[in-house]
Each structure stands twice: as C-alpha cells, then as structure tokens.
Amino acid sequence: MAAPMELFCWAGGWGLPSVDLDSLAVLTYARFTGAPLKVHKITNPWRSPTGTLPALRTSHGEVISVPHKIITHLRKEKYNADYDLSARQGADTLAFMSLLEEKLLPVLIHTFWVDSKNYVEVTRKWYAEAMPFPLNFFLPGRMQRQHLERLQLLCGEHRPEDEEELEKELYQEALECLTLLAQRLGSQKFFFGDAPASLDAFVFSYLALLLQAKLPSGKLQAHLRGLPNLCAYCTHILSLYFPWDGGKARRSRPLAPRTVGRGPGMSPLPTFLPCPSAEVPPPRQTPAGPETEEEPYGRRNQILSVLAGLAAMVGYALLSGIVSIQRAAPSRTPDTRALGMAEEDEEE
C-alpha cells in the first residue's frame, strides 16, 4: 500500500487555516478536490523536507515545493478542480492568474512585508510569537528580505525610483484588480458557477489574507471591504471548507467518509467530513504559541534547531565583535621581560 501524501505548510492565524499565501492556496485547492493529504501545519520551515513551505511529499517519496507544481501533481493524481471547465474557462483561468500575479501580489507583499506599521505590528509579531526560540530572532528578518527581492523581481526594471510613487502606482493597480474581480464574480458562488475551480483557490488565498488580518495601515483592505460580493465569497469558502480550523489548532477528530464525483466515467472520490457524533475535548493550550497539528520528529528537530540557533548566535557575536576572546598575558619575571614585551606587541 502506497504511503499517503503529506503536505507541510505554515500554521494558521488571523482566523485563517494558514497565514501564508502559498500554503493557503494549496490547502484550499486540496479541500476543493478532496485530495487525501496528511497535513502538517508547522511554524518552523526547517522541519519541512525542503526547508521551505509549502512542500508536498508524494506517495512515492518525491518532494515538491512550488505551489503550482504541487497542484499539477494533484491533478495527475486525478484530483482536478478544473475537470469540468470549458476551453474558454480554462483560458480565463490563465488570464486571471496572470492578473493576480501582476497586479495583486506586489501589493500583498508591500502590505505585509514592506509597510513598516503592518510588518512590525502584524507580520513580524505573528511569526516571532509562533516560531520556536531562537529561530524567531532571525528568520522573520530573513523572510522579509526574501519578500523584498521577490517584489523587486515582480516590479521589474521600470519601477519608479521614488518609494511613494511606487506605492501609489502599486495600490492603484490593485484597486482596479479588485474591482475587476468583483465584477467578474457578480452574484455567483464561485467564478465559474456553483463549483469551485483552481482559480477560486488562488483568488480566495489573496483576498482572505487581506480581509482577515487586522492591519493598522489598510488602504487596500478598506477598498476590499467595500466590495460585498468578494467579502461574502471569502466568508462562504471559509465556512464551507474550513469550518473547524479557521486559524485555530484542533485535535484529530473521527472522520466519516462520503463520495464526491470526478466526472463522467470516473469512480467517486473519497473525502472526509467531521463525524458529528464525536465528542472532541478542548485543546490544551501551551505557552509556546499557537498549537499546530502533529509535527514529525518533534523532539529531535527541536534539539537540532536550538543547537543550530545557538551556534549561529555565538558565531555572529564573535564575528561582529560583540564578544571577544582576550588572552591573558603571563606573569613576568626579570628573566622573561623581553619575551613579555614581544607578546604585548603581537596582541596590539
């Protein structure tokens, strides 16, 4: 019997099953299709098989870390949310995906990782509280630098030199993108009717992060909240597909199987819903931050993480001169006066 597929992703917060854009998109797509995944919601990317999140370990032991490639693999395994789409709808999906990456992704990065108030009070605060010591001292800063590099690649060479001008341009394009999405969705439940598709997984991940986080500087958030159909769209997906883990950790509960069709001529898919008759005890709170699902090799990885972090901190302190090692000069006697002077010169 093949091993189950395992998904490693960032843990939840802000009322969402994951606070990371890519992790949220993959989680949502998996819920849409009923893909049987063993999900590890973690707050230490070093516990992922690739050192990054999200990451999928397939039933054959292969590891995939790019969100689009993870979804492509799920499609190859017959978990395809776009099975019933027409050719025109498929083309619309590609067009809107490009629109999201061009117009909305740069503003999301700017909102959460560049805007100083949002970064300090929301983004860095969550990661610093969720990550284990001592990773919470340096990983949020490293992640911020990685997002800044990604933003520079997205903006390209023609970005305005002035930061205020750049911000104004990014937000203007994002406002137009949100308005276009609202017009395209209209009064439908999903973008292509009554059933979700891959486009819905990505649109939801973008909008839900922006809608749910309590941002002190939220110009784009205010515009989104003024589009009621997009707000209802996010609320509908959260309540329908993530009714019990909207950002809160939970213990495993018994699952009752039901079937979901995959199209004509194909066998039904097993998917799982919480068994209503099961009594689940309340989760035990720990002082280490938000609870997560079971993490593999927990004790060993905790010890390794602490040792690696301590080594990094000691090395940084030595290299930066915060801590220095001084050699004490030996006591001098009349016979070793010349040698003692030579040692002093070498130390200077």
# chains A, B, ... in the order shown; residues from 1 in each chain; ligands from 1
$ residues_around --residues "segment 180-188 of chain A" --least-positions-apart "4" --cutoff "10 Å" --atoms "only C-alpha atoms" --output "PyMOL selection string"
chain A and resi 96+99-100+174-176+192-195+203+224+227-233
$ residues_around --residues "Val63 of chain A" --least-positions-apart "6" --cutoff "12 Å" --atoms "only C-alpha atoms" --output "PyMOL selection string"
chain A and resi 5-8+48-57+69-70+73
$ closest_residue --among "A:Phe138, A:Trp113, A:Tyr171, A:Phe32" --to "Ser198 of chain A" --atoms "only C-alpha atoms"
A:Phe32
$ atom_distance --atom1 "atom CA of Pro45 of chain A" --atom2 "atom CA of Glu77 of chain A"
25.9 Å
$ select_by_dssp --residues "segment 101-262 of chain A" --states "strand (DSSP E)" --output "list in words"
Leu255, Ala256, Pro257, Arg258, Thr259 and Val260 of chain A
$ closest_residue --among "A:Tyr79, A:Arg31, A:Trp46, A:Leu153" --to "Leu105 of chain A" --atoms "only C-alpha atoms"
A:Leu153
$ closest_residue --among "A:Arg88, A:Arg75, A:Arg150, A:His68" --to "Asp22 of chain A" --atoms "only C-alpha atoms"
A:His68
$ closest_residue --among "A:Trp10, A:Phe112, A:Pro4, A:Leu24" --to "Ser59 of chain A" --atoms "only C-alpha atoms"
A:Pro4
$ closest_residue --among "A:Leu135, A:Leu215, A:Leu199, A:Leu178" --to "Lys117 of chain A" --atoms "only C-alpha atoms"
A:Leu215
$ residues_around --residues "Leu211 of chain A" --least-positions-apart "3" --cutoff "9 Å" --atoms "only C-alpha atoms" --output "PyMOL selection string"
chain A and resi 206-208+214+221-222+224-225+231+234
$ residues_around --residues "Gln146 of chain A" --least-positions-apart "5" --cutoff "12 Å" --atoms "only C-alpha atoms" --output "list in words"
Ile109, Trp113, Val114, Leu139, Pro140, Gly141, Leu151, Gln152 and Leu153 of chain A
$ select_by_dssp --residues "segment 124-193 of chain A" --states "alpha helix (DSSP H)" --output "number ranges by chain"
A: 124-130, 135-155, 163-185
$ write_last_selection --atoms "C-alpha atoms" --output "short mmCIF file (atom, residue, chain, number, x, y, z; two decimals), in the first residue's frame"
data_model
loop_
_atom_site.label_atom_id
_atom_site.label_comp_id
_atom_site.auth_asym_id
_atom_site.auth_seq_id
_atom_site.Cartn_x
_atom_site.Cartn_y
_atom_site.Cartn_z
CA ARG A 124 6.71 40.09 12.35
CA LYS A 125 4.66 39.87 15.56
CA TRP A 126 2.87 36.71 14.42
CA TYR A 127 5.98 34.94 13.13
CA ALA A 128 8.10 35.93 16.15
CA GLU A 129 5.46 34.59 18.55
CA ALA A 130 4.79 31.42 16.54
CA LEU A 135 14.61 30.99 15.13
CA ASN A 136 12.17 33.78 15.97
CA PHE A 137 15.11 36.17 16.37
CA PHE A 138 16.40 36.00 12.79
CA LEU A 139 14.01 34.08 10.50
CA PRO A 140 11.35 36.84 10.23
CA GLY A 141 14.02 39.30 9.08
CA ARG A 142 15.36 36.81 6.55
CA MET A 143 11.83 36.19 5.24
CA GLN A 144 11.33 39.94 4.88
CA ARG A 145 14.48 40.23 2.74
CA GLN A 146 13.29 37.34 0.56
CA HIS A 147 9.95 39.05 0.00
CA LEU A 148 11.68 42.33 -0.85
CA GLU A 149 13.72 40.52 -3.50
CA ARG A 150 10.54 38.93 -4.85
CA LEU A 151 8.87 42.34 -5.02
CA GLN A 152 11.80 43.76 -6.98
CA LEU A 153 11.52 40.91 -9.49
CA LEU A 154 7.78 41.46 -9.86
CA CYS A 155 8.14 45.21 -10.39
CA GLU A 163 9.12 54.83 -2.96
CA GLU A 164 5.97 56.93 -2.56
CA GLU A 165 5.41 56.95 -6.30
CA LEU A 166 5.94 53.19 -6.43
CA GLU A 167 3.47 52.60 -3.61
CA LYS A 168 0.87 54.84 -5.26
CA GLU A 169 1.23 53.01 -8.57
CA LEU A 170 1.01 49.54 -6.97
CA TYR A 171 -2.10 50.39 -4.95
CA GLN A 172 -3.86 51.96 -7.92
CA GLU A 173 -3.37 48.82 -10.00
CA ALA A 174 -4.52 46.63 -7.10
CA LEU A 175 -7.71 48.68 -6.64
CA GLU A 176 -8.55 48.18 -10.30
CA CYS A 177 -7.82 44.45 -9.99
CA LEU A 178 -10.17 44.04 -7.01
CA THR A 179 -12.93 45.93 -8.81
CA LEU A 180 -12.49 43.72 -11.88
CA LEU A 181 -12.67 40.56 -9.74
CA ALA A 182 -15.86 41.80 -8.09
CA GLN A 183 -17.45 42.48 -11.48
CA ARG A 184 -16.38 39.06 -12.83
CA LEU A 185 -17.74 37.20 -9.78
#
$ atom_distance --atom1 "atom CA of Val122 of chain A" --atom2 "atom CA of Ala25 of chain A"
20.5 Å
